[in-house]
Amino acid sequence: MDFQEQNISQAILENLGEAVIVVDVNSRIQFINQAAEKLFGYSLQEAVGKNFKIFFHEPLLGWHQEYLDILQSESFRKPVLRESTGMRRDGTTLPLDLILSKMTTQNVSFLIISARNALKRKTITEQVKYQASRDPLTGLASKEFFIERINTILNAAKKANQMVGVVCCNLDRFSLINNTLGRNIGDEFLEKVGKRIKNCSREGDVISRFAGDEFYVLLPYLKSPNDSVGFSNRLIDSLRYPFIVEERELYITASLGISIFPTLASDSDSLISNANLAMREAKKNGRNGWKLFSIESNIKTLDSLMIYSQLHGAVKRKELFLNFQPIVDARNLTLKGAEALVRWTHPELGKIPPSDFIPVAEETGFIDAIGKFVMMSACAQIKAWQDQKLPTTPISVNVSTPQFKSEKFVDIVCEILESSEMNPELLHLEVTESLMMENVEESIAKLKRLREYGIKLCIDDFGTGYSSFQYLKRFPVDILKIDQSFVRDVVSSAGDATIVSAMIDIAHRLRLETTAEGVENREQMLFLREQGCDYLQGYLFDRPKTSEEFTQLLTDHYSDRWKSLLQKEAS
Ligand code: C2E
Ligand code: CA
Ligand code: CA
C-alpha cells in the first residue's frame with residue numbers, strides 16, 4: 001500500500017461509522033479506526049501490536065483460531081457474519097454484530113473485523129416486537145399480546161394456587177357516536193376510554209382492545225373474586241364523567257362481564273369467552289353494570305363464588321371432615337348404622353353448612369373431588385372400627401346426582417372399597433330420586449353393578465321429587481328414606497300422616513325398607529313405629545357426631561342409649 005492508497009483506505013475506514021479492526025495472520029492488531037477506539041476504549045497506539053483477543057470476551061473465543069485458519073486458506077473470499085460478545089478496556093462487555101472479511105495486499109493477508117454494537121439492533125427488534133404487542137389506536141395491549149400474557153399468568157397462578165380475573169368491557173351504544181359524529185371522533189373517544197380504564201387498574205393489570213369498542217382487562221393475582229368486582233365498580237364509576245372530545249361533552253356507559261380462573265374458567269379461551277358471555281348478560285340486564293359469569297345461572301352471588309374459590313383448597317388443606325349421625329332400629333331403638341355427613345370448617349369463615357357448599361360444588365363439578373374424599377374417609381373409618389374390633393354398623397354415604405352421573409363413578413367406588421379392605425356390605429349409598437328421571441337405563445345399570453358388589457342403596461329425600469313408585473319398582477334399591485319435611489308435621493297434619501303411612505306401606509310391598517329422617521320428638525317416633533317404619537334418624541336420638549364421639553358410642557355399648565325413650569312409652 002502506498003501512502004496515497006493507505007490514506008484513502010483509512011479515510012474509508014474512518015467514515016464507515018463502524019468499528020474496524022485490522023488483524024494480521026499472527027493475530028496482532030495492525031490498525032483500529034476511531035469508531036473502534038470509541039467502542040472499546042483503547043487508543044490506536046495502545047491497540048497496535050496486541051493480540052486481537054483483547055477486544056473479545058474470553059469464553060467466546062473459540063471462533064478466533066477457526067477464523068485465522070480460514071484466513072490462511074486461499075479459498076476464503078466471502079465475508080462472514082458473526083455475533084459475539086465484545087470486551088471494553090474497562091472490562092465491561094457488550095453484544096456485537098461482526099462482519100469478518102479477508103483483505104490481501106501484496107500477498108499479505110489481513111483479517112478485517114468490522115464490529116457494531118448489537119444493543120442498538122436489539123432495541124430495534126424489541127421496538128418492533130413492542131409495536132406488534134400494541135393496539136395502534138389506544139396504545140393498549142393487542143389481542144395477541146393479551147392472550148400471551150393470560151397464558152403466562154395462568155401458568156404461574158396454577159402453581160401458586162392463585163385466582164386470575166378477566167373483565168370484558170363493551171361500551172353501550174358506542175355505534176351511535178361513531179355514526180353521528182364520525183370515525184375520527186369515535187377513535188379519539190376510544191383512546192380516552194382506554195385511558196380511563198387504565199386509570200382504574202392496578203400495576204400488573206393488562207388492558208387490551210380486541211376490536212371496536214370491546215376492551216379486556218386481565219387482573220392477575222386476585223385475593224378474592226371481590227377484587228374483580230371492585231375493579232368493575234371503579235370502572236363504571238369513572239365512566240360517569242363526561243369525555244371532552246373536540247370540545248364536545250360525550251357520555252357513555254359500559255357493560256362488563258367478569259370471569260375468574262380457576263372457579264369459572266380453566267384456560268385463556270374460556271376466561272375470555274366466559275367474560276364475553278357475562279358481558280352480554282349484563283347488556284340484557286339493562287346495560288351500565290357488571291355481571292359475573294356463571295356456569296349455571298345459580299352461581300350468581302359472590303357468596304357462592306367465594307365458597308367455590310375457597311372450596312378449591314379445602315380438601316388439600318384438610319378442612320373437610322365427616323360427622324356421623326346415628327340411625328336407629330325402630331323396633332328396639334338400638335343403633336342400626338349412621339349417615340356420614342360432610343363438614344367444612346374454614347379457618348376464617350368458620351363452619352360452612354353443606355347446604356351452602358354442596359350445591360356450589362355440584363354446579364362447578366367440584367363435587368367429584370369432595371365425593372371421593374367423603375367416600376374414602378367413610379371407608380377408612382369403617383375399616384378403622386373393624387380393626388379396633390368395635391361393633392360394626394353400616395355407614396350411609398350421600399352421593400349427589402352429578403357425581404353419580406360421572407362415567408367413572410362405579411369404578412371409583414369399587415377402587416376405594418378394594419383399597420380400604422372393608423366389608424362392602426357396610427357401605428350404603430344414598431342417591432336421590434332425580435336419578436330416576438334421567439338416563440334411567442344407565443342409572444339402573446350402575447346401581448346394579450354397585451349392588452352386585454354388596455353395597456346397599458338408599459333413595460334419599462323421598463317425596464321431594466317426582467316420588468314415582470312406578471320408577472321405584474324398577475330401581476334396584478334397598479331402602480327408602482322419607483324426607484324430613486313429611487316427618488316434621490306427621491303428628492299435626494293428617495295429610496302428611498297419610499302420605500307417610502302410604503309411603504311405608506308401598507315401600508314394604510316393593511320389598512324396600514324405610515328410614516324416616518328428621519325425627520325430633522317422641523310423638524313422631526311413636527307414630528312412625530306404629531306405621532312399621534324400619535329405621536329412624538333425627539335429633540331425638542342424636543345430632544351428627546364427630547368420628548371420635550361416634551367411636552365412643554360404639555365402645556360404650558350403644559344399645560342401651562335410647563332405651564329410656566321406649567320405657568317412657570311403656571309407662
Ligand atoms: P340429607 O342427606 O337429607 O342429610 C340429612 C340432613 O338433616 C343433615 O343436614 C342432618 O344434620 C339433618 N338432620 C338430621 N336429623 C335432623 C333433625 O332431627 N332435624 C333437622 N332439622 N335436621 C336433621 P346437613 O348435615 O346439614 O346436610 C344437609 C344436606 O347436605 C344433606 O341432606 C345432603 O343432601 C347434603 N350432604 C351432607 N353431606 C354430604 C356429603 O357428604 N355428600 C353429599 N353429596 N351431600 C351431602
Ligand atoms: Ca342423606
Ligand atoms: Ca335426606
# chains A, B, ... in the order shown; residues from 1 in each chain; ligands from 1

$ residues_near_ligand --ligand "ligand 2" --cutoff "8 Å" --atoms "only C-alpha atoms and all ligand atoms" --output "list in words"
Glu339, Leu341, Ser396, Val397, Asn398, Glu430, Val431, Asp460 and Asp461 of chain A

$ residues_near_ligand --ligand "ligand 3" --cutoff "9 Å" --atoms "only C-alpha atoms and all ligand atoms" --output "VMD selection string"
chain A and resid 398 430 432 459 to 462 481 to 484 516 to 518

$ select_by_dssp --residues "segment 268-415 of chain A" --states "strand (DSSP E or B)" --output "PyMOL selection string"
chain A and resi 289-292+320-329+335-346+350-352+395-398

$ residues_around --residues "Leu94 of chain A" --least-positions-apart "3" --cutoff "9 Å" --atoms "only C-alpha atoms" --output "list in words"
His57, Ser84, Thr85, Gly86, Met87, Arg88, Asn117, Ala118 and Leu119 of chain A

$ write_last_selection --atoms "all heavy atoms" --output "PDB file, in the first residue's frame"
ATOM      1  N   HIS A  57     -14.675 -11.128  24.669  1.00  0.00           N
ATOM      2  CA  HIS A  57     -14.922 -11.772  25.948  1.00  0.00           C
ATOM      3  C   HIS A  57     -14.398 -13.208  25.889  1.00  0.00           C
ATOM      4  O   HIS A  57     -14.760 -13.961  24.985  1.00  0.00           O
ATOM      5  CB  HIS A  57     -16.446 -11.749  26.194  1.00  0.00           C
ATOM      6  CG  HIS A  57     -16.856 -12.253  27.519  1.00  0.00           C
ATOM      7  ND1 HIS A  57     -16.261 -11.824  28.690  1.00  0.00           N
ATOM      8  CD2 HIS A  57     -17.823 -13.128  27.886  1.00  0.00           C
ATOM      9  CE1 HIS A  57     -16.848 -12.431  29.708  1.00  0.00           C
ATOM     10  NE2 HIS A  57     -17.786 -13.215  29.240  1.00  0.00           N
ATOM     11  N   SER A  84     -21.042 -11.858  18.556  1.00  0.00           N
ATOM     12  CA  SER A  84     -20.066 -12.163  19.590  1.00  0.00           C
ATOM     13  C   SER A  84     -20.249 -11.211  20.766  1.00  0.00           C
ATOM     14  O   SER A  84     -21.086 -10.308  20.711  1.00  0.00           O
ATOM     15  CB  SER A  84     -18.667 -12.026  19.009  1.00  0.00           C
ATOM     16  OG  SER A  84     -17.713 -12.405  19.971  1.00  0.00           O
ATOM     17  N   THR A  85     -19.475 -11.447  21.798  1.00  0.00           N
ATOM     18  CA  THR A  85     -19.526 -10.534  22.928  1.00  0.00           C
ATOM     19  C   THR A  85     -18.196  -9.809  23.028  1.00  0.00           C
ATOM     20  O   THR A  85     -17.149 -10.444  23.146  1.00  0.00           O
ATOM     21  CB  THR A  85     -19.812 -11.298  24.230  1.00  0.00           C
ATOM     22  OG1 THR A  85     -21.020 -12.022  24.046  1.00  0.00           O
ATOM     23  CG2 THR A  85     -19.965 -10.352  25.405  1.00  0.00           C
ATOM     24  N   GLY A  86     -18.245  -8.525  22.925  1.00  0.00           N
ATOM     25  CA  GLY A  86     -17.022  -7.737  22.989  1.00  0.00           C
ATOM     26  C   GLY A  86     -16.658  -7.394  24.425  1.00  0.00           C
ATOM     27  O   GLY A  86     -17.490  -7.498  25.333  1.00  0.00           O
ATOM     28  N   MET A  87     -15.378  -6.992  24.573  1.00  0.00           N
ATOM     29  CA  MET A  87     -14.930  -6.603  25.911  1.00  0.00           C
ATOM     30  C   MET A  87     -14.261  -5.246  25.808  1.00  0.00           C
ATOM     31  O   MET A  87     -13.314  -5.060  25.038  1.00  0.00           O
ATOM     32  CB  MET A  87     -13.946  -7.647  26.410  1.00  0.00           C
ATOM     33  CG  MET A  87     -13.219  -7.252  27.664  1.00  0.00           C
ATOM     34  SD  MET A  87     -13.963  -7.995  29.082  1.00  0.00           S
ATOM     35  CE  MET A  87     -12.949  -9.445  29.162  1.00  0.00           C
ATOM     36  N   ARG A  88     -14.750  -4.304  26.584  1.00  0.00           N
ATOM     37  CA  ARG A  88     -14.151  -2.977  26.572  1.00  0.00           C
ATOM     38  C   ARG A  88     -12.908  -2.951  27.459  1.00  0.00           C
ATOM     39  O   ARG A  88     -12.683  -3.857  28.252  1.00  0.00           O
ATOM     40  CB  ARG A  88     -15.170  -1.949  27.069  1.00  0.00           C
ATOM     41  CG  ARG A  88     -16.363  -1.777  26.163  1.00  0.00           C
ATOM     42  CD  ARG A  88     -17.082  -0.477  26.530  1.00  0.00           C
ATOM     43  NE  ARG A  88     -18.348  -0.365  25.834  1.00  0.00           N
ATOM     44  CZ  ARG A  88     -19.498  -0.844  26.308  1.00  0.00           C
ATOM     45  NH1 ARG A  88     -19.518  -1.486  27.467  1.00  0.00           N
ATOM     46  NH2 ARG A  88     -20.607  -0.687  25.627  1.00  0.00           N
ATOM     47  N   ASN A 117     -22.200  -2.328  17.640  1.00  0.00           N
ATOM     48  CA  ASN A 117     -22.877  -2.584  18.912  1.00  0.00           C
ATOM     49  C   ASN A 117     -24.273  -3.167  18.643  1.00  0.00           C
ATOM     50  O   ASN A 117     -25.130  -2.510  18.078  1.00  0.00           O
ATOM     51  CB  ASN A 117     -23.001  -1.267  19.682  1.00  0.00           C
ATOM     52  CG  ASN A 117     -23.485  -1.488  21.099  1.00  0.00           C
ATOM     53  OD1 ASN A 117     -24.039  -2.535  21.405  1.00  0.00           O
ATOM     54  ND2 ASN A 117     -23.251  -0.494  21.951  1.00  0.00           N
ATOM     55  N   ALA A 118     -24.507  -4.422  19.027  1.00  0.00           N
ATOM     56  CA  ALA A 118     -25.781  -5.089  18.721  1.00  0.00           C
ATOM     57  C   ALA A 118     -26.904  -4.611  19.613  1.00  0.00           C
ATOM     58  O   ALA A 118     -28.072  -4.916  19.372  1.00  0.00           O
ATOM     59  CB  ALA A 118     -25.612  -6.606  18.851  1.00  0.00           C
ATOM     60  N   LEU A 119     -26.534  -3.876  20.645  1.00  0.00           N
ATOM     61  CA  LEU A 119     -27.550  -3.385  21.566  1.00  0.00           C
ATOM     62  C   LEU A 119     -28.587  -2.552  20.837  1.00  0.00           C
ATOM     63  O   LEU A 119     -29.782  -2.660  21.075  1.00  0.00           O
ATOM     64  CB  LEU A 119     -26.858  -2.539  22.637  1.00  0.00           C
ATOM     65  CG  LEU A 119     -27.467  -2.615  24.024  1.00  0.00           C
ATOM     66  CD1 LEU A 119     -27.508  -4.057  24.509  1.00  0.00           C
ATOM     67  CD2 LEU A 119     -26.639  -1.768  24.990  1.00  0.00           C
TER      68      LEU A 119
END

$ closest_residue --among "A:Val413, A:Leu480, A:Ala330, A:Leu190" --to "Glu513 of chain A" --atoms "only C-alpha atoms"
A:Leu480

$ select_by_dssp --residues "segment 77-163 of chain A" --states "helix (DSSP H, G or I)" --output "count of residues only"
33

$ residues_around --residues "Arg317 of chain A" --least-positions-apart "3" --cutoff "12 Å" --atoms "only C-alpha atoms" --output "number ranges by chain"
A: 310-314, 320-321, 344-347

$ closest_residue --among "A:Thr364, A:Ala47, A:Glu191, A:Asn170" --to "Leu277 of chain A" --atoms "only C-alpha atoms"
A:Asn170

$ closest_residue --among "A:Leu39, A:Ile54, A:Ile21, A:Ile358" --to "Ser101 of chain A" --atoms "only C-alpha atoms"
A:Ile21

$ residues_around --residues "Glu18 of chain A" --least-positions-apart "4" --cutoff "9 Å" --atoms "only C-alpha atoms" --output "VMD selection string"
chain A and resid 13 to 14 33 to 36 114 to 117

$ write_last_selection --atoms "N, CA and C atoms" --output "compact mmCIF listing (two decimals), in the first residue's frame"
# COMPACT_ATOMS: atom_id res chain seq x y z
N LEU A 13 -12.25 3.74 6.09
CA LEU A 13 -12.45 3.04 7.36
C LEU A 13 -13.01 3.96 8.44
N GLU A 14 -12.48 5.20 8.44
CA GLU A 14 -12.96 6.13 9.46
C GLU A 14 -14.40 6.53 9.22
N ASN A 33 -9.82 1.80 13.80
CA ASN A 33 -10.28 3.15 13.43
C ASN A 33 -10.82 3.86 14.68
N GLN A 34 -11.23 5.12 14.47
CA GLN A 34 -11.68 5.91 15.63
C GLN A 34 -12.93 5.32 16.29
N ALA A 35 -13.82 4.78 15.41
CA ALA A 35 -15.05 4.20 15.98
C ALA A 35 -14.70 3.03 16.90
N ALA A 36 -13.67 2.27 16.51
CA ALA A 36 -13.25 1.15 17.35
C ALA A 36 -12.62 1.66 18.64
N SER A 114 -15.20 -5.84 11.22
CA SER A 114 -15.96 -4.63 11.50
C SER A 114 -17.04 -5.00 12.52
N ALA A 115 -17.12 -4.18 13.53
CA ALA A 115 -17.98 -4.53 14.68
C ALA A 115 -19.02 -3.45 14.90
N ARG A 116 -20.22 -3.90 15.22
CA ARG A 116 -21.27 -2.93 15.51
C ARG A 116 -21.92 -3.32 16.84
N ASN A 117 -22.20 -2.33 17.64
CA ASN A 117 -22.88 -2.58 18.91
C ASN A 117 -24.27 -3.17 18.64

$ residues_around --residues "segment 239-244 of chain A" --least-positions-apart "5" --cutoff "8 Å" --atoms "only C-alpha atoms" --output "PDB file with N, CA and C atoms, in the first residue's frame"
ATOM      1  N   PHE A 189     -62.353   9.162  21.006  1.00  0.00           N
ATOM      2  CA  PHE A 189     -63.153   8.783  22.159  1.00  0.00           C
ATOM      3  C   PHE A 189     -62.667   7.453  22.745  1.00  0.00           C
ATOM      4  N   LYS A 192     -59.594   7.766  24.695  1.00  0.00           N
ATOM      5  CA  LYS A 192     -59.827   8.328  26.031  1.00  0.00           C
ATOM      6  C   LYS A 192     -60.423   7.281  26.975  1.00  0.00           C
ATOM      7  N   VAL A 193     -61.317   6.473  26.433  1.00  0.00           N
ATOM      8  CA  VAL A 193     -61.896   5.404  27.267  1.00  0.00           C
ATOM      9  C   VAL A 193     -60.777   4.480  27.739  1.00  0.00           C
ATOM     10  N   ARG A 196     -59.106   5.908  30.654  1.00  0.00           N
ATOM     11  CA  ARG A 196     -59.898   5.791  31.901  1.00  0.00           C
ATOM     12  C   ARG A 196     -59.773   4.390  32.467  1.00  0.00           C
ATOM     13  N   GLU A 249     -68.975  17.496  24.914  1.00  0.00           N
ATOM     14  CA  GLU A 249     -69.087  16.626  26.082  1.00  0.00           C
ATOM     15  C   GLU A 249     -69.814  15.366  25.678  1.00  0.00           C
ATOM     16  N   LEU A 250     -69.150  14.246  25.821  1.00  0.00           N
ATOM     17  CA  LEU A 250     -69.795  12.984  25.447  1.00  0.00           C
ATOM     18  C   LEU A 250     -69.953  12.086  26.666  1.00  0.00           C
ATOM     19  N   TYR A 251     -71.075  11.404  26.703  1.00  0.00           N
ATOM     20  CA  TYR A 251     -71.331  10.497  27.820  1.00  0.00           C
ATOM     21  C   TYR A 251     -71.430   9.063  27.312  1.00  0.00           C
ATOM     22  N   ILE A 252     -70.960   8.162  28.112  1.00  0.00           N
ATOM     23  CA  ILE A 252     -71.088   6.755  27.725  1.00  0.00           C
ATOM     24  C   ILE A 252     -71.213   5.877  28.971  1.00  0.00           C
ATOM     25  N   THR A 253     -71.826   4.734  28.809  1.00  0.00           N
ATOM     26  CA  THR A 253     -71.806   3.723  29.872  1.00  0.00           C
ATOM     27  C   THR A 253     -71.238   2.460  29.248  1.00  0.00           C
ATOM     28  N   ALA A 254     -70.954   1.485  30.095  1.00  0.00           N
ATOM     29  CA  ALA A 254     -70.401   0.232  29.582  1.00  0.00           C
ATOM     30  C   ALA A 254     -71.037  -0.950  30.293  1.00  0.00           C
TER      31      ALA A 254
END

$ closest_residue --among "A:Asp227, A:Asp269, A:Glu362, A:Asp534" --to "ligand 1" --atoms "only C-alpha atoms and all ligand atoms"
A:Glu362

$ atom_distance --atom1 "atom CA of Glu530 of chain A" --atom2 "atom CA of Thr514 of chain A"
13.1 Å

$ residues_around --residues "segment 381-387 of chain A" --least-positions-apart "5" --cutoff "12 Å" --atoms "only C-alpha atoms" --output "PyMOL selection string"
chain A and resi 321-324+337-338+340+374-376+392-397+416-428+546-548+550-555

$ write_last_selection --atoms "N, CA and C atoms" --output "compact mmCIF listing (two decimals), in the first residue's frame"
# COMPACT_ATOMS: atom_id res chain seq x y z
N PHE A 321 -64.20 -32.72 56.86
CA PHE A 321 -64.18 -33.95 57.64
C PHE A 321 -65.60 -34.48 57.74
N LEU A 322 -65.75 -35.66 58.32
CA LEU A 322 -67.07 -36.27 58.37
C LEU A 322 -67.64 -36.26 59.78
N ASN A 323 -68.96 -36.09 59.82
CA ASN A 323 -69.72 -36.35 61.04
C ASN A 323 -70.56 -37.59 60.79
N PHE A 324 -70.96 -38.22 61.87
CA PHE A 324 -71.77 -39.43 61.72
C PHE A 324 -73.02 -39.27 62.56
N GLY A 337 -76.99 -48.02 62.33
CA GLY A 337 -75.99 -47.52 61.38
C GLY A 337 -75.81 -46.03 61.57
N ALA A 338 -75.21 -45.40 60.59
CA ALA A 338 -75.03 -43.94 60.68
C ALA A 338 -74.96 -43.36 59.28
N ALA A 340 -73.04 -40.63 57.07
CA ALA A 340 -71.85 -39.77 57.05
C ALA A 340 -72.25 -38.43 56.45
N VAL A 374 -65.16 -37.92 50.64
CA VAL A 374 -66.13 -38.42 51.62
C VAL A 374 -66.13 -39.95 51.63
N MET A 375 -66.14 -40.50 50.43
CA MET A 375 -66.20 -41.96 50.31
C MET A 375 -64.94 -42.58 50.92
N MET A 376 -63.80 -42.01 50.61
CA MET A 376 -62.55 -42.56 51.13
C MET A 376 -62.49 -42.45 52.65
N THR A 392 -69.63 -53.41 64.33
CA THR A 392 -69.66 -52.75 63.03
C THR A 392 -71.09 -52.33 62.68
N THR A 393 -71.20 -51.15 62.14
CA THR A 393 -72.51 -50.68 61.68
C THR A 393 -72.34 -50.14 60.27
N PRO A 394 -73.34 -50.30 59.45
CA PRO A 394 -73.24 -49.75 58.09
C PRO A 394 -73.19 -48.22 58.13
N ILE A 395 -72.46 -47.65 57.20
CA ILE A 395 -72.39 -46.20 57.09
C ILE A 395 -72.97 -45.80 55.74
N SER A 396 -73.89 -44.84 55.81
CA SER A 396 -74.52 -44.32 54.59
C SER A 396 -73.76 -43.11 54.09
N VAL A 397 -73.43 -43.13 52.82
CA VAL A 397 -72.71 -42.00 52.24
C VAL A 397 -73.59 -41.35 51.18
N ILE A 416 -62.06 -47.65 45.73
CA ILE A 416 -61.94 -47.23 47.13
C ILE A 416 -62.24 -48.41 48.07
N LEU A 417 -63.31 -49.13 47.71
CA LEU A 417 -63.68 -50.29 48.55
C LEU A 417 -62.55 -51.29 48.62
N GLU A 418 -61.96 -51.57 47.46
CA GLU A 418 -60.90 -52.57 47.42
C GLU A 418 -59.68 -52.12 48.23
N SER A 419 -59.31 -50.86 48.02
CA SER A 419 -58.08 -50.45 48.70
C SER A 419 -58.31 -50.28 50.20
N SER A 420 -59.55 -50.07 50.61
CA SER A 420 -59.78 -49.91 52.05
C SER A 420 -59.93 -51.26 52.75
N GLU A 421 -60.12 -52.30 51.98
CA GLU A 421 -60.24 -53.67 52.51
C GLU A 421 -61.35 -53.81 53.54
N MET A 422 -62.40 -53.05 53.38
CA MET A 422 -63.52 -53.18 54.32
C MET A 422 -64.59 -54.07 53.71
N ASN A 423 -65.52 -54.46 54.55
CA ASN A 423 -66.63 -55.27 54.08
C ASN A 423 -67.61 -54.38 53.31
N PRO A 424 -67.82 -54.64 52.00
CA PRO A 424 -68.67 -53.75 51.18
C PRO A 424 -70.10 -53.65 51.70
N GLU A 425 -70.51 -54.66 52.46
CA GLU A 425 -71.90 -54.62 52.96
C GLU A 425 -72.10 -53.52 53.99
N LEU A 426 -70.99 -52.99 54.49
CA LEU A 426 -71.11 -51.92 55.48
C LEU A 426 -71.23 -50.56 54.82
N LEU A 427 -71.17 -50.54 53.51
CA LEU A 427 -71.32 -49.25 52.82
C LEU A 427 -72.71 -49.15 52.20
N HIS A 428 -73.41 -48.10 52.59
CA HIS A 428 -74.70 -47.78 51.94
C HIS A 428 -74.51 -46.49 51.16
N THR A 546 -68.95 -36.20 65.83
CA THR A 546 -67.61 -36.32 65.26
C THR A 546 -67.23 -37.80 65.26
N SER A 547 -66.18 -38.15 64.53
CA SER A 547 -65.83 -39.56 64.46
C SER A 547 -65.38 -40.07 65.83
N GLU A 548 -64.75 -39.18 66.62
CA GLU A 548 -64.33 -39.59 67.97
C GLU A 548 -65.56 -39.90 68.82
N PHE A 550 -68.48 -40.71 67.79
CA PHE A 550 -69.19 -41.90 67.32
C PHE A 550 -68.43 -43.16 67.73
N THR A 551 -67.11 -43.09 67.73
CA THR A 551 -66.31 -44.22 68.16
C THR A 551 -66.63 -44.53 69.63
N GLN A 552 -66.76 -43.46 70.41
CA GLN A 552 -67.11 -43.62 71.83
C GLN A 552 -68.45 -44.33 71.96
N LEU A 553 -69.38 -43.93 71.10
CA LEU A 553 -70.72 -44.52 71.12
C LEU A 553 -70.64 -46.03 70.87
N LEU A 554 -69.79 -46.39 69.93
CA LEU A 554 -69.63 -47.81 69.60
C LEU A 554 -68.97 -48.56 70.76
N THR A 555 -68.04 -47.91 71.41
CA THR A 555 -67.31 -48.53 72.52
C THR A 555 -68.22 -48.72 73.73

$ atom_distance --atom1 "atom CA of Ala507 of chain A" --atom2 "atom 41 (O, counted along the ligand's line) of ligand 1"
25.2 Å
